[in-house]
Amino acid sequence: DDLISADGRTLAPESRAVQLTGPAEDLDDVYVYPNPMRAADHDPHVTIAELPTEATLRIISVDGRRVRTLHTDRAAEGGLEWDLQDESGQRVPTGVYYIRVESPGESPVMVKAAVIW
């Protein structure tokens, strides 16, 4: 499937790479790809894109359990990869995960990622 933005624009055709060019100014356009992440079709990671330079990402299971916390750094190029592991380095199971993105001076946003092994 093509990589489609929230407003329906095609960001990249299927099998094409997306290069993040720089940090976003706000959290208005945060998205996850590939989504769903199917292990049979993709490398086992997802990218959270359109992030500002400073952001904290809290990955949460559907039952409300904190799975992992990630942070961007000042060298971020507008995105961050999650290797689909929890805090202890274990692969997360198939399921839906919420990613809460927080950045100084911004209202937090929540995006979803589906993982299929």
# chains A, B, ... in the order shown; residues from 1 in each chain; ligands from 1

$ select_by_dssp --residues "stretch 70-106 of chain A" --states "strand (DSSP E or B)" --output "PDB file with all heavy atoms, in the first residue's frame"
ATOM      1  N   LEU A  70      10.605   6.407  24.579  1.00  0.00           N
ATOM      2  CA  LEU A  70      11.665   6.809  23.665  1.00  0.00           C
ATOM      3  C   LEU A  70      11.779   8.329  23.678  1.00  0.00           C
ATOM      4  O   LEU A  70      10.797   9.027  23.949  1.00  0.00           O
ATOM      5  CB  LEU A  70      11.349   6.344  22.236  1.00  0.00           C
ATOM      6  CG  LEU A  70      11.141   4.847  22.030  1.00  0.00           C
ATOM      7  CD1 LEU A  70      10.611   4.584  20.630  1.00  0.00           C
ATOM      8  CD2 LEU A  70      12.428   4.087  22.276  1.00  0.00           C
ATOM      9  N   HIS A  71      12.963   8.832  23.354  1.00  0.00           N
ATOM     10  CA  HIS A  71      13.195  10.272  23.315  1.00  0.00           C
ATOM     11  C   HIS A  71      13.909  10.633  22.027  1.00  0.00           C
ATOM     12  O   HIS A  71      14.814   9.915  21.593  1.00  0.00           O
ATOM     13  CB  HIS A  71      14.072  10.721  24.495  1.00  0.00           C
ATOM     14  CG  HIS A  71      13.522  10.351  25.823  1.00  0.00           C
ATOM     15  ND1 HIS A  71      12.570  11.103  26.472  1.00  0.00           N
ATOM     16  CD2 HIS A  71      13.766   9.297  26.637  1.00  0.00           C
ATOM     17  CE1 HIS A  71      12.275  10.529  27.619  1.00  0.00           C
ATOM     18  NE2 HIS A  71      12.987   9.430  27.746  1.00  0.00           N
ATOM     19  N   GLY A  79      12.064  12.189  12.751  1.00  0.00           N
ATOM     20  CA  GLY A  79      11.447  10.893  12.976  1.00  0.00           C
ATOM     21  C   GLY A  79      12.267  10.057  13.925  1.00  0.00           C
ATOM     22  O   GLY A  79      13.420  10.360  14.225  1.00  0.00           O
ATOM     23  N   LEU A  80      11.643   9.000  14.417  1.00  0.00           N
ATOM     24  CA  LEU A  80      12.281   8.109  15.369  1.00  0.00           C
ATOM     25  C   LEU A  80      11.807   6.695  15.081  1.00  0.00           C
ATOM     26  O   LEU A  80      10.615   6.475  14.851  1.00  0.00           O
ATOM     27  CB  LEU A  80      11.899   8.532  16.789  1.00  0.00           C
ATOM     28  CG  LEU A  80      12.556   7.814  17.948  1.00  0.00           C
ATOM     29  CD1 LEU A  80      14.048   8.126  17.986  1.00  0.00           C
ATOM     30  CD2 LEU A  80      11.912   8.246  19.247  1.00  0.00           C
ATOM     31  N   GLU A  81      12.717   5.733  15.089  1.00  0.00           N
ATOM     32  CA  GLU A  81      12.332   4.335  14.877  1.00  0.00           C
ATOM     33  C   GLU A  81      12.118   3.646  16.214  1.00  0.00           C
ATOM     34  O   GLU A  81      12.885   3.841  17.150  1.00  0.00           O
ATOM     35  CB  GLU A  81      13.421   3.590  14.102  1.00  0.00           C
ATOM     36  CG  GLU A  81      13.457   3.944  12.650  1.00  0.00           C
ATOM     37  CD  GLU A  81      14.392   3.051  11.857  1.00  0.00           C
ATOM     38  OE1 GLU A  81      15.045   2.145  12.439  1.00  0.00           O
ATOM     39  OE2 GLU A  81      14.477   3.251  10.643  1.00  0.00           O
ATOM     40  N   TRP A  82      11.064   2.832  16.262  1.00  0.00           N
ATOM     41  CA  TRP A  82      10.819   1.944  17.397  1.00  0.00           C
ATOM     42  C   TRP A  82      11.086   0.538  16.894  1.00  0.00           C
ATOM     43  O   TRP A  82      10.488   0.098  15.909  1.00  0.00           O
ATOM     44  CB  TRP A  82       9.392   2.097  17.905  1.00  0.00           C
ATOM     45  CG  TRP A  82       8.990   1.103  18.957  1.00  0.00           C
ATOM     46  CD1 TRP A  82       9.775   0.577  19.949  1.00  0.00           C
ATOM     47  CD2 TRP A  82       7.710   0.508  19.123  1.00  0.00           C
ATOM     48  NE1 TRP A  82       9.054  -0.296  20.718  1.00  0.00           N
ATOM     49  CE2 TRP A  82       7.776  -0.361  20.227  1.00  0.00           C
ATOM     50  CE3 TRP A  82       6.508   0.616  18.434  1.00  0.00           C
ATOM     51  CZ2 TRP A  82       6.691  -1.114  20.660  1.00  0.00           C
ATOM     52  CZ3 TRP A  82       5.426  -0.126  18.867  1.00  0.00           C
ATOM     53  CH2 TRP A  82       5.516  -0.972  19.977  1.00  0.00           C
ATOM     54  N   GLN A  85      10.414  -3.426  20.486  1.00  0.00           N
ATOM     55  CA  GLN A  85      10.805  -4.091  21.722  1.00  0.00           C
ATOM     56  C   GLN A  85      10.306  -3.278  22.905  1.00  0.00           C
ATOM     57  O   GLN A  85      10.133  -2.062  22.811  1.00  0.00           O
ATOM     58  CB  GLN A  85      12.320  -4.243  21.804  1.00  0.00           C
ATOM     59  CG  GLN A  85      12.873  -5.162  20.738  1.00  0.00           C
ATOM     60  CD  GLN A  85      14.374  -5.302  20.815  1.00  0.00           C
ATOM     61  OE1 GLN A  85      15.037  -4.770  21.712  1.00  0.00           O
ATOM     62  NE2 GLN A  85      14.939  -6.027  19.874  1.00  0.00           N
ATOM     63  N   ARG A  91      10.648  -8.631  22.323  1.00  0.00           N
ATOM     64  CA  ARG A  91       9.772  -8.278  21.210  1.00  0.00           C
ATOM     65  C   ARG A  91       8.332  -8.171  21.715  1.00  0.00           C
ATOM     66  O   ARG A  91       7.866  -9.034  22.462  1.00  0.00           O
ATOM     67  CB  ARG A  91       9.880  -9.357  20.130  1.00  0.00           C
ATOM     68  CG  ARG A  91       9.105  -9.023  18.878  1.00  0.00           C
ATOM     69  CD  ARG A  91       9.325 -10.078  17.843  1.00  0.00           C
ATOM     70  NE  ARG A  91       8.415 -11.185  18.107  1.00  0.00           N
ATOM     71  CZ  ARG A  91       8.285 -12.241  17.331  1.00  0.00           C
ATOM     72  NH1 ARG A  91       9.034 -12.381  16.272  1.00  0.00           N
ATOM     73  NH2 ARG A  91       7.425 -13.184  17.625  1.00  0.00           N
ATOM     74  N   GLY A  95      -0.452  -6.850  18.167  1.00  0.00           N
ATOM     75  CA  GLY A  95      -1.469  -6.043  18.819  1.00  0.00           C
ATOM     76  C   GLY A  95      -1.444  -4.612  18.347  1.00  0.00           C
ATOM     77  O   GLY A  95      -0.689  -4.235  17.448  1.00  0.00           O
ATOM     78  N   VAL A  96      -2.292  -3.824  18.982  1.00  0.00           N
ATOM     79  CA  VAL A  96      -2.366  -2.394  18.706  1.00  0.00           C
ATOM     80  C   VAL A  96      -1.693  -1.678  19.872  1.00  0.00           C
ATOM     81  O   VAL A  96      -1.896  -2.035  21.040  1.00  0.00           O
ATOM     82  CB  VAL A  96      -3.831  -1.927  18.556  1.00  0.00           C
ATOM     83  CG1 VAL A  96      -3.921  -0.417  18.431  1.00  0.00           C
ATOM     84  CG2 VAL A  96      -4.474  -2.611  17.360  1.00  0.00           C
ATOM     85  N   TYR A  97      -0.897  -0.674  19.532  1.00  0.00           N
ATOM     86  CA  TYR A  97      -0.178   0.102  20.528  1.00  0.00           C
ATOM     87  C   TYR A  97      -0.483   1.575  20.329  1.00  0.00           C
ATOM     88  O   TYR A  97      -0.586   2.043  19.199  1.00  0.00           O
ATOM     89  CB  TYR A  97       1.334  -0.149  20.410  1.00  0.00           C
ATOM     90  CG  TYR A  97       1.660  -1.581  20.746  1.00  0.00           C
ATOM     91  CD1 TYR A  97       1.607  -2.567  19.772  1.00  0.00           C
ATOM     92  CD2 TYR A  97       1.943  -1.953  22.048  1.00  0.00           C
ATOM     93  CE1 TYR A  97       1.846  -3.896  20.079  1.00  0.00           C
ATOM     94  CE2 TYR A  97       2.185  -3.277  22.374  1.00  0.00           C
ATOM     95  CZ  TYR A  97       2.128  -4.244  21.384  1.00  0.00           C
ATOM     96  OH  TYR A  97       2.352  -5.557  21.704  1.00  0.00           O
ATOM     97  N   TYR A  98      -0.644   2.280  21.443  1.00  0.00           N
ATOM     98  CA  TYR A  98      -0.831   3.727  21.406  1.00  0.00           C
ATOM     99  C   TYR A  98       0.518   4.376  21.649  1.00  0.00           C
ATOM    100  O   TYR A  98       1.291   3.922  22.488  1.00  0.00           O
ATOM    101  CB  TYR A  98      -1.822   4.184  22.480  1.00  0.00           C
ATOM    102  CG  TYR A  98      -3.201   3.638  22.266  1.00  0.00           C
ATOM    103  CD1 TYR A  98      -3.658   2.553  23.009  1.00  0.00           C
ATOM    104  CD2 TYR A  98      -4.042   4.184  21.312  1.00  0.00           C
ATOM    105  CE1 TYR A  98      -4.925   2.038  22.803  1.00  0.00           C
ATOM    106  CE2 TYR A  98      -5.308   3.671  21.105  1.00  0.00           C
ATOM    107  CZ  TYR A  98      -5.745   2.597  21.853  1.00  0.00           C
ATOM    108  OH  TYR A  98      -6.994   2.079  21.645  1.00  0.00           O
ATOM    109  N   ILE A  99       0.802   5.420  20.909  1.00  0.00           N
ATOM    110  CA  ILE A  99       2.042   6.157  21.085  1.00  0.00           C
ATOM    111  C   ILE A  99       1.665   7.591  21.437  1.00  0.00           C
ATOM    112  O   ILE A  99       1.116   8.324  20.614  1.00  0.00           O
ATOM    113  CB  ILE A  99       2.912   6.107  19.814  1.00  0.00           C
ATOM    114  CG1 ILE A  99       3.199   4.642  19.445  1.00  0.00           C
ATOM    115  CG2 ILE A  99       4.200   6.899  20.026  1.00  0.00           C
ATOM    116  CD1 ILE A  99       3.827   4.461  18.079  1.00  0.00           C
ATOM    117  N   ARG A 100       1.938   7.952  22.689  1.00  0.00           N
ATOM    118  CA  ARG A 100       1.662   9.311  23.162  1.00  0.00           C
ATOM    119  C   ARG A 100       2.918  10.135  22.937  1.00  0.00           C
ATOM    120  O   ARG A 100       3.997   9.791  23.416  1.00  0.00           O
ATOM    121  CB  ARG A 100       1.285   9.297  24.637  1.00  0.00           C
ATOM    122  CG  ARG A 100       0.991  10.667  25.199  1.00  0.00           C
ATOM    123  CD  ARG A 100       0.676  10.580  26.683  1.00  0.00           C
ATOM    124  NE  ARG A 100       0.705  11.863  27.315  1.00  0.00           N
ATOM    125  CZ  ARG A 100      -0.344  12.635  27.536  1.00  0.00           C
ATOM    126  NH1 ARG A 100      -1.534  12.233  27.148  1.00  0.00           N
ATOM    127  NH2 ARG A 100      -0.227  13.792  28.144  1.00  0.00           N
ATOM    128  N   VAL A 101       2.770  11.207  22.181  1.00  0.00           N
ATOM    129  CA  VAL A 101       3.905  12.058  21.837  1.00  0.00           C
ATOM    130  C   VAL A 101       3.757  13.377  22.584  1.00  0.00           C
ATOM    131  O   VAL A 101       2.729  14.042  22.475  1.00  0.00           O
ATOM    132  CB  VAL A 101       3.976  12.307  20.311  1.00  0.00           C
ATOM    133  CG1 VAL A 101       5.185  13.154  19.967  1.00  0.00           C
ATOM    134  CG2 VAL A 101       3.990  10.982  19.549  1.00  0.00           C
ATOM    135  N   GLU A 102       4.794  13.728  23.341  1.00  0.00           N
ATOM    136  CA  GLU A 102       4.810  14.964  24.112  1.00  0.00           C
ATOM    137  C   GLU A 102       6.016  15.787  23.700  1.00  0.00           C
ATOM    138  O   GLU A 102       7.088  15.241  23.430  1.00  0.00           O
ATOM    139  CB  GLU A 102       4.912  14.644  25.604  1.00  0.00           C
ATOM    140  CG  GLU A 102       3.781  13.777  26.116  1.00  0.00           C
ATOM    141  CD  GLU A 102       4.043  13.234  27.513  1.00  0.00           C
ATOM    142  OE1 GLU A 102       5.083  13.583  28.117  1.00  0.00           O
ATOM    143  OE2 GLU A 102       3.221  12.456  27.992  1.00  0.00           O
TER     144      GLU A 102
END

$ closest_residue --among "A:Thr53, A:Pro23, A:Val67, A:Asp41" --to "A:Asp83" --atoms "only C-alpha atoms"
A:Val67

$ residues_around --residues "A:His45" --least-positions-apart "2" --cutoff "10 Å" --atoms "only C-alpha atoms" --output "PyMOL selection string"
chain A and resi 33-34+37-39+42-43+47-48+81-85+115

$ write_last_selection --atoms "N, CA, C and O atoms" --output "JSON list (two decimals), in the first residue's frame"
[["chain", "number", "residue", "atom", "x", "y", "z"],
["A", 33, "TYR", "N", 4.56, 4.75, 10.33],
["A", 33, "TYR", "CA", 4.61, 3.89, 9.16],
["A", 33, "TYR", "C", 5.71, 2.85, 9.34],
["A", 33, "TYR", "O", 6.67, 3.12, 10.04],
["A", 34, "PRO", "N", 5.62, 1.69, 8.75],
["A", 34, "PRO", "CA", 4.39, 1.18, 8.13],
["A", 34, "PRO", "C", 3.35, 0.91, 9.20],
["A", 34, "PRO", "O", 3.68, 0.58, 10.33],
["A", 37, "MET", "N", 2.24, -2.72, 10.73],
["A", 37, "MET", "CA", 3.55, -3.31, 10.46],
["A", 37, "MET", "C", 3.34, -4.81, 10.41],
["A", 37, "MET", "O", 3.01, -5.43, 11.40],
["A", 38, "ARG", "N", 3.48, -5.37, 9.22],
["A", 38, "ARG", "CA", 3.38, -6.82, 9.04],
["A", 38, "ARG", "C", 4.79, -7.37, 8.89],
["A", 38, "ARG", "O", 5.49, -7.04, 7.93],
["A", 39, "ALA", "N", 5.22, -8.21, 9.82],
["A", 39, "ALA", "CA", 6.59, -8.72, 9.82],
["A", 39, "ALA", "C", 6.92, -9.44, 8.52],
["A", 39, "ALA", "O", 8.06, -9.41, 8.07],
["A", 42, "HIS", "N", 7.71, -6.32, 6.09],
["A", 42, "HIS", "CA", 8.56, -5.18, 6.46],
["A", 42, "HIS", "C", 9.65, -5.62, 7.43],
["A", 42, "HIS", "O", 9.54, -6.62, 8.11],
["A", 43, "ASP", "N", 10.69, -4.79, 7.53],
["A", 43, "ASP", "CA", 11.67, -4.95, 8.60],
["A", 43, "ASP", "C", 10.95, -4.73, 9.92],
["A", 43, "ASP", "O", 10.01, -3.91, 9.97],
["A", 47, "THR", "N", 8.39, 3.61, 12.14],
["A", 47, "THR", "CA", 8.92, 4.97, 12.26],
["A", 47, "THR", "C", 7.79, 5.89, 12.68],
["A", 47, "THR", "O", 6.70, 5.83, 12.11],
["A", 48, "ILE", "N", 8.06, 6.70, 13.67],
["A", 48, "ILE", "CA", 7.13, 7.74, 14.07],
["A", 48, "ILE", "C", 7.69, 9.02, 13.45],
["A", 48, "ILE", "O", 8.83, 9.42, 13.75],
["A", 81, "GLU", "N", 12.72, 5.73, 15.09],
["A", 81, "GLU", "CA", 12.33, 4.33, 14.88],
["A", 81, "GLU", "C", 12.12, 3.65, 16.21],
["A", 81, "GLU", "O", 12.89, 3.84, 17.15],
["A", 82, "TRP", "N", 11.06, 2.83, 16.26],
["A", 82, "TRP", "CA", 10.82, 1.94, 17.40],
["A", 82, "TRP", "C", 11.09, 0.54, 16.89],
["A", 82, "TRP", "O", 10.49, 0.10, 15.91],
["A", 83, "ASP", "N", 11.97, -0.18, 17.56],
["A", 83, "ASP", "CA", 12.37, -1.52, 17.15],
["A", 83, "ASP", "C", 11.40, -2.61, 17.58],
["A", 83, "ASP", "O", 11.71, -3.79, 17.49],
["A", 84, "LEU", "N", 10.23, -2.23, 18.04],
["A", 84, "LEU", "CA", 9.16, -3.15, 18.46],
["A", 84, "LEU", "C", 9.57, -4.01, 19.64],
["A", 84, "LEU", "O", 9.10, -5.13, 19.79],
["A", 85, "GLN", "N", 10.41, -3.43, 20.49],
["A", 85, "GLN", "CA", 10.81, -4.09, 21.72],
["A", 85, "GLN", "C", 10.31, -3.28, 22.90],
["A", 85, "GLN", "O", 10.13, -2.06, 22.81],
["A", 115, "VAL", "N", 0.83, -3.96, 15.10],
["A", 115, "VAL", "CA", 1.96, -4.85, 14.87],
["A", 115, "VAL", "C", 1.42, -6.25, 14.64],
["A", 115, "VAL", "O", 0.65, -6.76, 15.45]]

$ closest_residue --among "A:Ile59, A:Ser107, A:Glu25, A:Lys112" --to "A:Glu87" --atoms "only C-alpha atoms"
A:Ile59
